[in-house]
$ cat query-v7.txt   # compact mmCIF, C-alpha atoms and all ligand atoms
# COMPACT_ATOMS: atom_id res chain seq x y z
CA MET W 1 0.00 0.00 0.00
CA TYR W 2 1.28 3.45 -0.94
CA THR W 3 0.78 6.71 0.95
CA VAL W 4 -0.23 10.02 -0.63
CA GLU W 5 3.28 11.35 -0.01
CA GLU W 6 4.86 8.39 -1.80
CA VAL W 7 2.55 8.86 -4.77
CA LYS W 8 3.46 12.57 -4.92
CA ALA W 9 7.13 11.61 -5.01
CA LEU W 10 6.47 9.31 -7.98
CA ALA W 11 5.16 12.31 -9.97
CA LYS W 12 8.59 13.90 -9.77
CA VAL W 13 10.39 10.88 -11.25
CA ARG W 14 9.23 11.21 -14.81
CA THR W 15 10.25 7.78 -16.08
CA PRO W 16 8.10 5.21 -17.94
CA GLU W 17 8.50 2.94 -14.88
CA SER W 18 7.17 5.47 -12.37
CA LEU W 19 4.23 6.22 -14.71
CA GLY W 20 3.57 2.47 -14.88
CA THR W 21 3.63 2.26 -11.07
CA LEU W 22 1.18 5.15 -10.81
CA LEU W 23 -1.22 3.47 -13.27
CA GLU W 24 -0.92 0.29 -11.21
CA ILE W 25 -1.62 2.18 -7.95
CA PHE W 26 -4.70 3.77 -9.52
CA ARG W 27 -6.09 0.35 -10.52
CA SER W 28 -5.25 -1.50 -7.33
CA ASP W 29 -5.10 0.76 -4.31
CA ALA W 30 -8.42 1.00 -2.46
CA ASP W 31 -7.78 4.31 -0.67
CA ILE W 32 -9.53 7.06 -2.60
CA ASP W 33 -7.11 9.80 -1.51
CA VAL W 34 -4.20 7.75 -2.80
CA ARG W 35 -6.01 7.00 -6.07
CA ARG W 36 -6.87 10.69 -6.53
CA GLU W 37 -3.26 11.64 -5.95
CA ALA W 38 -2.26 8.96 -8.48
CA VAL W 39 -4.51 10.58 -11.12
CA SER W 40 -2.99 13.97 -10.38
CA SER W 41 0.56 12.54 -10.56
CA ILE W 42 -0.19 10.69 -13.80
CA GLY W 43 -1.32 14.04 -15.27
CA ARG W 44 2.03 15.62 -14.41
CA HIS W 45 4.03 13.08 -16.43
CA ASN W 46 5.08 14.00 -19.94
CA ASN W 47 3.96 10.92 -21.85
CA SER W 48 0.81 12.40 -23.41
CA GLY W 49 -0.01 9.21 -25.34
CA ARG W 50 -0.20 6.99 -22.24
CA ILE W 51 -2.08 9.69 -20.27
CA TYR W 52 -4.57 9.99 -23.13
CA ASP W 53 -5.12 6.21 -23.23
CA PHE W 54 -5.57 6.19 -19.45
CA LEU W 55 -8.23 8.92 -19.56
CA LEU W 56 -9.95 7.35 -22.55
CA THR W 57 -10.71 4.21 -20.54
CA GLU W 58 -11.07 5.60 -17.01
CA ALA W 59 -12.75 8.98 -17.51
CA PHE W 60 -15.92 7.34 -18.87
CA SER W 61 -16.18 4.54 -16.34
CA ARG W 62 -19.15 4.79 -14.02
CA ASP W 63 -17.27 2.54 -11.59
CA ASN W 64 -14.98 5.43 -10.73
CA PRO W 65 -16.10 7.73 -7.91
CA MET W 66 -16.88 11.27 -9.12
CA GLU W 67 -14.00 12.65 -7.08
CA LEU W 68 -11.62 10.76 -9.37
CA VAL W 69 -13.51 11.85 -12.46
CA TYR W 70 -13.06 15.51 -11.41
CA GLN W 71 -9.33 14.98 -11.04
CA MET W 72 -9.22 13.37 -14.50
CA PHE W 73 -11.16 16.31 -15.95
CA ARG W 74 -8.60 18.67 -14.39
CA THR W 75 -5.82 16.79 -16.15
CA CYS W 76 -7.82 16.94 -19.35
CA LEU W 77 -8.30 20.72 -19.05
CA TYR W 78 -4.63 21.46 -18.54
CA ARG W 79 -3.51 19.07 -21.26
CA SER W 80 -6.04 20.50 -23.74
CA ARG W 81 -4.00 23.72 -23.89
CA ASP W 82 -1.54 22.21 -26.35
CA ASP W 83 -2.94 18.83 -27.38
CA ALA W 84 -6.11 18.67 -29.48
CA ARG W 85 -6.85 15.08 -28.36
CA PHE W 86 -7.49 16.33 -24.83
CA GLU W 87 -9.63 19.16 -26.12
CA ASP W 88 -11.81 16.54 -27.78
CA LEU W 89 -11.83 14.47 -24.59
CA ARG W 90 -12.91 17.46 -22.52
CA VAL W 91 -15.94 18.04 -24.76
CA ARG W 92 -16.81 14.34 -24.60
CA MET W 93 -16.48 14.23 -20.81
CA LEU W 94 -18.77 17.25 -20.41
CA ASP W 95 -21.28 15.61 -22.69
CA PHE W 96 -21.01 12.20 -21.04
CA TRP W 97 -21.32 13.30 -17.40
CA ARG W 98 -23.59 16.38 -17.77
CA ASN W 99 -22.56 17.45 -14.31
CA GLU W 100 -22.66 20.97 -12.84
CA ILE W 101 -19.28 20.66 -11.12
CA LEU W 102 -17.55 19.78 -14.38
CA ASP W 103 -19.41 22.65 -16.07
CA LYS W 104 -18.17 25.07 -13.44
CA MET W 105 -14.57 23.77 -13.65
CA ASN W 106 -14.76 24.22 -17.40
CA ALA W 107 -16.10 27.80 -17.13
CA TYR W 108 -13.42 28.79 -14.58
CA TYR W 109 -10.72 27.28 -16.75
CA ASP W 110 -11.96 29.01 -19.91
CA PHE W 111 -12.17 32.35 -18.11
CA ARG W 112 -8.57 32.05 -16.88
CA GLN W 113 -7.32 30.94 -20.28
CA SER W 114 -8.98 33.84 -22.04
CA ARG W 115 -7.12 36.17 -19.63
CA GLU W 116 -10.33 38.09 -19.63
CA LYS W 117 -10.62 40.72 -16.94
CA PRO W 118 -13.88 40.92 -14.95
CA ARG W 119 -16.35 43.26 -16.66
CA PRO W 120 -15.86 46.93 -15.76
CA VAL W 121 -17.85 48.10 -12.76
CA SER W 122 -19.82 51.33 -13.05
CA LYS W 123 -20.15 52.04 -9.35
CA ILE W 124 -23.09 54.14 -8.22
CA THR W 125 -21.96 57.04 -6.02
CA THR W 126 -25.25 58.90 -5.40
CA PRO W 127 -27.84 57.61 -2.91
CA LEU W 128 -30.91 56.72 -4.96
CA LEU W 129 -34.58 56.19 -4.20
CA LEU W 130 -36.34 54.57 -7.16
CA ILE W 131 -40.10 54.84 -6.83
CA GLY W 132 -42.19 52.31 -8.73
CA ASP W 133 -42.24 48.62 -9.56
CA ASN W 134 -38.63 47.44 -9.30
CA THR W 135 -38.93 45.35 -12.46
CA LYS W 136 -39.18 48.71 -14.27
CA THR W 137 -37.09 51.05 -12.10
CA LEU W 138 -34.10 48.70 -11.99
CA GLN W 139 -33.89 49.00 -15.77
CA THR W 140 -32.70 52.59 -15.31
CA LEU W 141 -29.54 51.51 -13.46
CA PRO W 142 -26.30 50.62 -15.23
CA ALA W 143 -25.27 46.97 -15.41
CA ASN W 144 -22.69 45.66 -12.92
CA SER W 145 -23.06 48.69 -10.65
CA VAL W 146 -24.23 47.46 -7.22
CA GLN W 147 -22.04 45.54 -4.79
CA LEU W 148 -24.64 44.02 -2.46
CA VAL W 149 -28.38 43.41 -2.36
CA PHE W 150 -30.16 42.77 0.91
CA THR W 151 -33.91 42.59 0.80
CA SER W 152 -37.05 41.21 2.29
CA PRO W 153 -39.68 40.51 -0.37
CA PRO W 154 -43.36 41.21 0.21
CA TYR W 155 -44.98 38.29 2.06
CA TYR W 156 -47.35 36.23 0.01
CA ASN W 157 -50.79 37.35 1.21
CA ALA W 158 -49.54 37.75 4.74
CA ARG W 159 -49.68 41.52 4.96
CA GLU W 160 -51.99 44.12 3.53
CA TYR W 161 -49.49 45.42 0.95
CA SER W 162 -49.11 42.14 -0.87
CA ASP W 163 -51.74 41.05 -3.32
CA TYR W 164 -51.08 38.20 -5.72
CA SER W 165 -53.75 36.03 -7.29
CA SER W 166 -51.88 32.77 -6.62
CA TYR W 167 -48.67 31.48 -5.12
CA SER W 168 -47.29 30.67 -8.56
CA GLU W 169 -47.96 34.24 -9.69
CA TYR W 170 -46.18 35.47 -6.57
CA LEU W 171 -43.11 33.34 -7.35
CA ALA W 172 -43.15 34.41 -10.99
CA ARG W 173 -43.18 38.10 -9.95
CA MET W 174 -40.32 37.51 -7.51
CA GLY W 175 -38.44 35.85 -10.37
CA GLU W 176 -38.89 38.96 -12.54
CA SER W 177 -37.51 41.20 -9.80
CA PHE W 178 -34.50 38.95 -9.10
CA ARG W 179 -33.73 38.64 -12.80
CA GLU W 180 -33.76 42.40 -13.24
CA CYS W 181 -31.58 42.72 -10.17
CA HIS W 182 -29.11 40.24 -11.64
CA ARG W 183 -28.14 42.63 -14.42
CA VAL W 184 -27.43 45.38 -11.92
CA ILE W 185 -25.40 43.44 -9.31
CA GLU W 186 -21.66 43.28 -9.88
CA ASP W 187 -20.53 39.83 -11.07
CA GLY W 188 -19.63 37.60 -8.13
CA ARG W 189 -21.28 39.77 -5.45
CA PHE W 190 -23.90 38.68 -2.95
CA ILE W 191 -27.66 38.87 -2.80
CA ILE W 192 -29.23 38.11 0.57
CA VAL W 193 -32.94 37.51 0.84
CA ASN W 194 -34.77 37.52 4.15
CA VAL W 195 -37.86 35.28 4.23
CA SER W 196 -39.91 33.10 6.51
CA PRO W 197 -42.82 30.74 5.87
CA VAL W 198 -46.19 32.47 5.64
CA ILE W 199 -49.69 31.29 6.25
CA THR W 200 -52.84 32.35 4.42
CA ARG W 201 -56.00 33.05 6.32
CA ARG W 202 -58.54 30.22 6.41
CA PRO W 203 -61.41 30.91 4.00
CA GLY W 204 -63.81 29.52 6.67
CA ARG W 205 -63.85 27.37 9.81
CA GLU W 206 -64.45 24.25 7.76
CA PHE W 207 -61.29 24.84 5.66
CA GLU W 208 -57.65 24.52 6.40
CA SER W 209 -55.17 27.35 6.12
CA ILE W 210 -52.14 26.82 3.86
CA ARG W 211 -48.60 27.36 5.06
CA TYR W 212 -45.99 28.20 2.39
CA PRO W 213 -42.28 27.39 2.83
CA ILE W 214 -41.31 30.40 0.72
CA HIS W 215 -37.56 29.93 1.06
CA TYR W 216 -37.68 26.42 -0.43
CA ASP W 217 -39.39 27.76 -3.53
CA LEU W 218 -37.33 30.94 -3.73
CA HIS W 219 -34.22 28.78 -3.95
CA ARG W 220 -35.32 27.63 -7.41
CA VAL W 221 -36.36 31.15 -8.37
CA LEU W 222 -32.96 32.52 -7.38
CA THR W 223 -30.93 29.80 -9.06
CA GLU W 224 -32.92 30.17 -12.26
CA ALA W 225 -32.26 33.91 -12.11
CA GLY W 226 -28.49 33.25 -12.13
CA TYR W 227 -27.39 33.09 -8.49
CA TYR W 228 -26.01 30.14 -6.59
CA PHE W 229 -26.53 29.11 -2.98
CA VAL W 230 -23.84 30.03 -0.45
CA ASP W 231 -25.34 29.95 3.05
CA GLU W 232 -28.46 30.08 5.12
CA ILE W 233 -28.25 32.31 8.17
CA LEU W 234 -31.00 32.06 10.76
CA TRP W 235 -32.20 35.23 12.36
CA VAL W 236 -33.25 34.00 15.83
CA LYS W 237 -35.75 36.09 17.80
CA PRO W 238 -36.61 35.95 21.50
CA GLU W 239 -39.59 33.60 21.99
CA PRO W 240 -41.87 36.18 23.66
CA SER W 241 -41.60 38.36 20.53
CA VAL W 242 -43.37 35.85 18.23
CA PRO W 243 -47.01 34.73 18.09
CA ASP W 244 -47.78 31.85 20.47
CA ARG W 245 -48.74 28.75 18.45
CA VAL W 246 -47.99 26.13 21.04
CA SER W 247 -50.64 27.03 23.64
CA GLY W 248 -53.22 24.55 22.26
CA TYR W 249 -50.82 21.67 22.55
CA ARG W 250 -49.63 22.91 25.95
CA GLN W 251 -53.17 22.47 27.25
CA THR W 252 -54.21 19.24 25.56
CA ARG W 253 -50.85 17.50 24.90
CA LYS W 254 -52.68 15.88 22.02
CA PRO W 255 -50.34 14.47 19.35
CA LEU W 256 -50.79 16.00 15.88
CA SER W 257 -51.95 19.30 17.34
CA TYR W 258 -48.36 20.39 17.98
CA LYS W 259 -47.30 23.71 16.42
CA PRO W 260 -43.96 25.10 17.59
CA ASN W 261 -43.34 28.80 18.03
CA CYS W 262 -41.43 30.05 15.01
CA ILE W 263 -38.55 32.11 16.29
CA THR W 264 -36.40 32.08 13.16
CA GLU W 265 -36.35 33.74 9.77
CA SER W 266 -33.94 32.79 7.00
CA LEU W 267 -31.34 34.94 5.38
CA MET W 268 -30.73 33.19 2.07
CA VAL W 269 -27.19 34.08 1.03
CA TYR W 270 -26.54 33.67 -2.73
CA ARG W 271 -23.77 34.78 -5.06
CA LYS W 272 -24.20 36.01 -8.62
CA GLU W 273 -22.81 33.36 -10.95
CA CYS W 274 -19.47 34.20 -12.51
CA ALA W 275 -16.37 32.39 -13.70
CA PHE W 276 -13.95 33.65 -11.06
CA LEU W 277 -13.25 33.22 -7.37
CA LEU W 278 -14.22 35.64 -4.63
CA ASP W 279 -10.66 37.01 -4.24
CA ARG W 280 -11.20 38.90 -7.51
CA ASN W 281 -14.14 40.71 -5.90
CA MET W 282 -11.97 41.62 -2.91
CA ARG W 283 -9.17 43.21 -4.95
CA GLY W 284 -8.78 46.95 -4.49
CA TYR W 285 -10.18 47.01 -0.96
CA GLU W 286 -6.91 46.59 0.94
CA ASP W 287 -7.61 49.51 3.26
CA PHE W 288 -10.88 48.50 4.88
CA ASP W 289 -12.49 48.85 8.31
CA ARG W 290 -11.72 45.65 10.24
CA HIS W 291 -14.21 46.32 13.06
CA GLU W 292 -11.54 44.97 15.45
CA ASP W 293 -13.46 45.90 18.58
CA GLU W 294 -16.67 44.07 17.59
CA PRO W 295 -17.42 40.43 18.35
CA ILE W 296 -17.82 38.18 15.32
CA ASP W 297 -20.86 36.02 14.65
CA THR W 298 -19.17 32.66 14.43
CA THR W 299 -22.30 30.63 13.66
CA ASN W 300 -25.19 30.94 11.22
CA CYS W 301 -27.56 31.83 14.09
CA TRP W 302 -27.83 35.56 14.71
CA HIS W 303 -29.81 36.48 17.81
CA ILE W 304 -31.55 39.80 17.20
CA THR W 305 -34.74 41.28 18.65
CA PRO W 306 -37.30 42.23 15.97
CA LYS W 307 -38.48 45.78 15.54
CA TYR W 308 -42.00 47.13 15.19
CA ASP W 309 -42.78 50.28 13.28
CA LYS W 310 -45.87 52.47 13.32
CA ASN W 311 -45.58 53.20 9.60
CA HIS W 312 -44.73 49.80 8.15
CA PRO W 313 -45.91 46.28 9.05
CA ALA W 314 -42.64 44.39 8.46
CA VAL W 315 -39.41 46.26 9.04
CA PHE W 316 -35.84 45.03 9.43
CA PRO W 317 -34.18 45.64 12.77
CA GLU W 318 -31.29 47.99 11.98
CA GLU W 319 -28.90 45.58 13.72
CA LEU W 320 -29.70 42.89 11.14
CA CYS W 321 -28.81 45.29 8.32
CA ARG W 322 -25.66 46.37 10.11
CA ARG W 323 -24.37 42.80 10.33
CA VAL W 324 -25.19 42.04 6.71
CA LEU W 325 -23.41 45.23 5.62
CA ARG W 326 -20.40 44.44 7.76
CA TYR W 327 -19.93 40.89 6.50
CA TYR W 328 -20.90 41.30 2.86
CA SER W 329 -19.84 44.80 1.72
CA PHE W 330 -17.03 47.33 1.98
CA GLU W 331 -17.20 51.02 2.77
CA GLY W 332 -18.04 53.04 -0.34
CA ASP W 333 -19.94 50.15 -1.96
CA ALA W 334 -23.34 50.76 -3.52
CA VAL W 335 -25.78 48.56 -1.60
CA MET W 336 -29.37 48.00 -2.62
CA ASP W 337 -32.71 46.96 -1.14
CA ILE W 338 -35.14 46.24 -3.97
CA PHE W 339 -38.16 46.01 -1.63
CA ALA W 340 -37.21 48.88 0.66
CA GLY W 341 -40.41 49.41 2.72
CA SER W 342 -39.56 51.97 5.39
CA GLY W 343 -35.93 52.12 4.21
CA THR W 344 -34.22 50.62 7.28
CA PHE W 345 -31.45 49.17 5.15
CA GLY W 346 -30.73 52.57 3.61
CA ARG W 347 -30.44 54.13 7.05
CA ALA W 348 -27.97 51.52 8.26
CA ALA W 349 -26.00 51.74 5.00
CA ARG W 350 -25.66 55.50 5.24
CA LYS W 351 -24.38 55.24 8.82
CA MET W 352 -21.78 52.71 7.69
CA GLY W 353 -20.43 54.75 4.79
CA ARG W 354 -22.08 52.75 2.01
CA VAL W 355 -24.14 54.29 -0.84
CA PRO W 356 -27.76 53.11 -0.49
CA VAL W 357 -29.97 52.42 -3.48
CA LEU W 358 -33.59 51.77 -2.54
CA CYS W 359 -36.55 50.60 -4.64
CA GLU W 360 -40.07 51.01 -3.29
CA MET W 361 -43.32 51.08 -5.20
CA ASN W 362 -45.57 52.36 -2.44
CA GLU W 363 -45.39 56.15 -2.68
CA ASP W 364 -46.33 56.69 0.95
CA TYR W 365 -43.44 54.54 2.14
CA ALA W 366 -41.13 56.20 -0.37
CA GLY W 367 -42.23 59.60 0.94
CA ILE W 368 -41.47 58.54 4.49
CA ILE W 369 -38.01 57.30 3.48
CA GLN W 370 -37.20 60.59 1.81
CA SER W 371 -38.60 62.72 4.61
CA GLU W 372 -36.96 60.78 7.44
CA SER W 373 -33.63 61.07 5.66
CA GLY W 374 -34.04 64.83 5.29
CA GLY W 375 -34.04 64.64 1.49
CA TYR W 376 -30.86 62.56 1.35
CA TYR W 377 -31.85 60.53 -1.70
CA ASP W 378 -31.87 61.47 -5.35
CA VAL W 379 -35.49 60.52 -6.11
CA ARG W 380 -36.24 58.87 -9.45
CA GLY W 381 -39.67 57.94 -10.82
CA GLY W 382 -42.93 58.07 -8.89
CA ASN W 383 -44.47 61.26 -7.64
CA ARG W 384 -41.58 63.53 -6.65
CA GLU W 385 -43.94 66.23 -5.47
CA LYS W 386 -45.50 63.90 -2.96
CA CYS W 387 -42.05 63.05 -1.62
CA CYS W 388 -41.21 66.73 -1.24
CA GLN W 389 -44.48 67.37 0.57
CA GLN W 390 -43.57 64.60 2.97
CA ILE W 391 -40.23 66.28 3.65
CA THR W 392 -41.90 69.59 4.50
CA LEU W 393 -44.27 67.74 6.80
CA TRP W 394 -41.42 65.88 8.46
CA GLU W 395 -39.31 69.00 8.94
CA GLY W 396 -42.32 70.68 10.54
CA LEU W 397 -42.66 67.79 12.96
CA GLN W 398 -38.98 68.10 13.82
CA GLY W 399 -39.48 71.82 14.56
CA ARG W 400 -37.13 72.76 11.74
CA GLY W 401 -39.73 73.99 9.23
CA ASP W 402 -41.75 77.23 9.30
C1 LIG R 1 -41.41 43.21 3.53
S1 LIG R 1 -41.49 44.84 3.02
C2 LIG R 1 -39.88 45.42 3.26
C3 LIG R 1 -39.67 46.05 4.61
C4 LIG R 1 -38.28 46.60 4.79
N1 LIG R 1 -37.32 45.51 4.93
C5 LIG R 1 -38.18 47.55 5.97
O1 LIG R 1 -37.24 47.45 6.78
O2 LIG R 1 -39.04 48.42 6.11
C6 LIG R 1 -41.65 44.73 1.28
C7 LIG R 1 -41.85 46.06 0.55
O3 LIG R 1 -41.74 45.80 -0.85
C8 LIG R 1 -42.59 46.70 -1.55
N2 LIG R 1 -42.81 46.11 -2.89
C9 LIG R 1 -43.55 45.02 -3.21
N3 LIG R 1 -43.43 44.74 -4.52
C10 LIG R 1 -42.59 45.65 -5.05
C11 LIG R 1 -42.07 45.88 -6.34
N4 LIG R 1 -42.40 45.08 -7.37
N5 LIG R 1 -41.23 46.93 -6.52
C12 LIG R 1 -40.88 47.73 -5.50
N6 LIG R 1 -41.35 47.57 -4.24
C13 LIG R 1 -42.18 46.55 -4.01
C14 LIG R 1 -43.84 46.79 -0.67
O4 LIG R 1 -44.52 47.99 -0.90
C15 LIG R 1 -43.21 46.70 0.75
O5 LIG R 1 -43.05 47.98 1.30
$ encode --input "query-v7.txt" --output "structure tokens" --more "lines below"
Ligand SMILES: C[S@@+](CC[C@H](N)C(=O)[O-])C[C@H]1O[C@@H](n2cnc3c(N)ncnc32)[C@H](O)[C@@H]1O
Amino acid sequence: MYTVEEVKALAKVRTPESLGTLLEIFRSDADIDVRREAVSSIGRHNNSGRIYDFLLTEAFSRDNPMELVYQMFRTCLYRSRDDARFEDLRVRMLDFWRNEILDKMNAYYDFRQSREKPRPVSKITTPLLLIGDNTKTLQTLPANSVQLVFTSPPYYNAREYSDYSSYSEYLARMGESFRECHRVIEDGRFIIVNVSPVITRRPGREFESIRYPIHYDLHRVLTEAGYYFVDEILWVKPEPSVPDRVSGYRQTRKPLSYKPNCITESLMVYRKECAFLLDRNMRGYEDFDRHEDEPIDTTNCWHITPKYDKNHPAVFPEELCRRVLRYYSFEGDAVMDIFAGSGTFGRAARKMGRVPVLCEMNEDYAGIIQSESGGYYDVRGGNREKCCQQITLWEGLQGRGD
């Protein structure tokens, strides 16, 4: 039995004998790490003919674990640079396996080979408030111009401001918004969507209510719009702050009647698909605020008390926005909430030196955002006059008007 280290050493001795030993190790040794290392070492030899024959038989064998197939594909990619046989093999492997990991390896490789630079970023530097349906207002923004999106979509029929004829229509509309957003987000940056399951009211006592696991369905919507899953963070609330659902069971202890109190909401963390690693997105930010004095959230459970607002039924606590901004954006970045509501995210962003871009279609909420901020935003679309009236009203309330 060989060890990984011994196999690595065999890669350095580029003789026909050591290549033969490596091929033998691949076929006989049971340890997958050793076999994977053997594939890698075989690829580093300079006998293209024998390597090609090896891949031709092994890269299409369903007996090989996928981990070994990926290593073979890697060899194939690097060899295809100057040997057309491997180029042909790479196309055949992609076609044979039809596997998303191979597709991604291929895209990353192609991107590096083309020496293509990431697309130019046209960074937004003015705080913006776009009033109207975001599927329209987002069209006015340049492509590749926003570095982070954090948002909480309207709840499906759970609050008075949402009105969709069916759940599938709701998901389709969310899809339109996330697709439009995709054009605007910088390649490789994050979109974070805050959701929790919702329940529709019972149409009568003799009917059941329906509970919708929105985040399960939004996963498909987001991936189809061109983002891929990175993390799920749970926003955990204190139990007394959520509606009590368990009281029935507490009294009767009757199985099947159990309904736990829901103290979490999900933050779905996704990244815009691109053919390069995250370090490219971090270039140019060497001098950033490290927040040395602040504790770090080391788990995906963030304990934060919810906030209630007299003007809006479902607002973010500012602390939630602050953490998202800290972990997923740099100072000076343009950061966007496409369903802004009362504009909590914009407030937090401004305090943290980011440039907020907010979309809101309800003109009353938009007016409140603009007035509370003292006219901070460059307002686009909607009824600008109404927004200005709101500012006058707000200034009066603050004792600053006439
Ligand atoms: C859940 S609330 C967001 C609350 C917000 N996180 C806050 O802190 O106040 C969703 C908001 O999205 C707005 N909205 C719904 N559909 C929209 C659309 N297509 N374009 C722009 N805004 C929309 C609603 O008017 C509502 O204010």
$ residues_near_point --input "query-v7.txt" --point "(-27.0, 50.4, -15.1)" --cutoff "10 Å" --atoms "all atoms listed in the file" --output "VMD selection string"
chain W and resid 121 to 124 138 to 146 183 to 185
$ residues_near_ligand --input "query-v7.txt" --ligand "ligand LIG 1 (chain R)" --cutoff "6 Å" --atoms "all atoms listed in the file" --output "list in words"
Gly132, Asp133, Asn134, Ser152, Pro153, Pro154, Tyr161, Ala314, Val315, Phe316, Phe339, Ala340, Gly341, Ser342, Gly343, Thr344, Cys359, Glu360, Met361 and Asn362 of chain W
$ closest_residue --input "query-v7.txt" --among "W:Val269, W:Ala59, W:Met1, W:Leu94" --to "W:Ile191" --atoms "all atoms listed in the file"
W:Val269
$ closest_residue --input "query-v7.txt" --among "W:Tyr155, W:Tyr228, W:Tyr170, W:Tyr365" --to "W:Lys310" --atoms "all atoms listed in the file"
W:Tyr365
$ residues_around --input "query-v7.txt" --residues "stretch 286-289 of chain W" --least-positions-apart "2" --cutoff "10 Å" --atoms "all atoms listed in the file" --output "compact mmCIF listing (two decimals) with C-alpha atoms, keeping the file's coordinate frame"
# COMPACT_ATOMS: atom_id res chain seq x y z
CA MET W 282 -11.97 41.62 -2.91
CA ARG W 283 -9.17 43.21 -4.95
CA GLY W 284 -8.78 46.95 -4.49
CA HIS W 291 -14.21 46.32 13.06
CA GLU W 292 -11.54 44.97 15.45
CA ARG W 326 -20.40 44.44 7.76
CA PHE W 330 -17.03 47.33 1.98
CA GLU W 331 -17.20 51.02 2.77
CA GLY W 332 -18.04 53.04 -0.34
$ atom_distance --input "query-v7.txt" --atom1 "atom CA of W:Pro255" --atom2 "atom CA of W:Pro238"
25.6 Å
$ closest_residue --input "query-v7.txt" --among "W:Arg112, W:Arg323, W:Arg290, W:Arg27" --to "W:Ile192" --atoms "all atoms listed in the file"
W:Arg323
$ residues_around --input "query-v7.txt" --residues "W:His45" --least-positions-apart "3" --cutoff "12 Å" --atoms "only C-alpha atoms" --output "PyMOL selection string"
chain W and resi 8-20+22-23+38-42+48-52+75+79
$ closest_residue --input "query-v7.txt" --among "W:Phe345, W:Phe276, W:Phe207, W:Phe150" --to "W:Ala107" --atoms "all atoms listed in the file"
W:Phe276
$ residues_around --input "query-v7.txt" --residues "W:Tyr167" --least-positions-apart "3" --cutoff "9 Å" --atoms "only C-alpha atoms" --output "list in words"
Tyr156, Asn157, Tyr164, Tyr170, Leu171, Ala172 and Tyr212 of chain W
$ atom_distance --input "query-v7.txt" --atom1 "atom CA of W:Glu363" --atom2 "atom CA of W:Lys386"
7.8 Å
$ atom_distance --input "query-v7.txt" --atom1 "atom CA of W:Arg280" --atom2 "atom CA of W:Glu232"
23.1 Å
$ closest_residue --input "query-v7.txt" --among "W:Arg92, W:Cys76, W:Glu239, W:Asp244" --to "W:Phe60" --atoms "only C-alpha atoms"
W:Arg92
$ closest_residue --input "query-v7.txt" --among "W:Lys237, W:Arg347, W:Lys254, W:Lys272" --to "W:His303" --atoms "all atoms listed in the file"
W:Lys237
$ build_atoms --input "query-v7.txt" --residues "stretch 300-312 of chain W" --atoms "N, CA and C atoms" --output "PDB file, in the frame of the given file"
ATOM      1  N   ASN W 300     -24.159  30.406  12.125  1.00  0.00           N
ATOM      2  CA  ASN W 300     -25.190  30.940  11.220  1.00  0.00           C
ATOM      3  C   ASN W 300     -26.475  31.271  11.979  1.00  0.00           C
ATOM      4  N   CYS W 301     -26.391  31.397  13.312  1.00  0.00           N
ATOM      5  CA  CYS W 301     -27.560  31.830  14.090  1.00  0.00           C
ATOM      6  C   CYS W 301     -27.275  33.208  14.664  1.00  0.00           C
ATOM      7  N   TRP W 302     -28.015  34.189  14.222  1.00  0.00           N
ATOM      8  CA  TRP W 302     -27.830  35.560  14.710  1.00  0.00           C
ATOM      9  C   TRP W 302     -29.027  35.905  15.593  1.00  0.00           C
ATOM     10  N   HIS W 303     -28.742  36.179  16.864  1.00  0.00           N
ATOM     11  CA  HIS W 303     -29.810  36.480  17.810  1.00  0.00           C
ATOM     12  C   HIS W 303     -30.068  37.987  17.815  1.00  0.00           C
ATOM     13  N   ILE W 304     -31.221  38.369  17.312  1.00  0.00           N
ATOM     14  CA  ILE W 304     -31.550  39.800  17.200  1.00  0.00           C
ATOM     15  C   ILE W 304     -33.039  39.999  17.500  1.00  0.00           C
ATOM     16  N   THR W 305     -33.334  41.003  18.314  1.00  0.00           N
ATOM     17  CA  THR W 305     -34.740  41.280  18.650  1.00  0.00           C
ATOM     18  C   THR W 305     -35.417  41.986  17.470  1.00  0.00           C
ATOM     19  N   PRO W 306     -36.622  41.557  17.105  1.00  0.00           N
ATOM     20  CA  PRO W 306     -37.300  42.230  15.970  1.00  0.00           C
ATOM     21  C   PRO W 306     -37.722  43.644  16.336  1.00  0.00           C
ATOM     22  N   LYS W 307     -38.084  44.404  15.300  1.00  0.00           N
ATOM     23  CA  LYS W 307     -38.480  45.780  15.540  1.00  0.00           C
ATOM     24  C   LYS W 307     -39.895  45.992  15.008  1.00  0.00           C
ATOM     25  N   TYR W 308     -40.659  46.807  15.682  1.00  0.00           N
ATOM     26  CA  TYR W 308     -42.000  47.130  15.190  1.00  0.00           C
ATOM     27  C   TYR W 308     -42.023  48.592  14.827  1.00  0.00           C
ATOM     28  N   ASP W 309     -42.799  48.904  13.791  1.00  0.00           N
ATOM     29  CA  ASP W 309     -42.780  50.280  13.280  1.00  0.00           C
ATOM     30  C   ASP W 309     -44.213  50.744  13.074  1.00  0.00           C
ATOM     31  N   LYS W 310     -44.482  51.983  13.446  1.00  0.00           N
ATOM     32  CA  LYS W 310     -45.870  52.470  13.320  1.00  0.00           C
ATOM     33  C   LYS W 310     -46.258  52.682  11.860  1.00  0.00           C
ATOM     34  N   ASN W 311     -45.272  52.888  11.001  1.00  0.00           N
ATOM     35  CA  ASN W 311     -45.580  53.200   9.600  1.00  0.00           C
ATOM     36  C   ASN W 311     -45.583  51.987   8.678  1.00  0.00           C
ATOM     37  N   HIS W 312     -44.890  50.927   9.071  1.00  0.00           N
ATOM     38  CA  HIS W 312     -44.730  49.800   8.150  1.00  0.00           C
ATOM     39  C   HIS W 312     -44.892  48.492   8.897  1.00  0.00           C
TER      40      HIS W 312
END
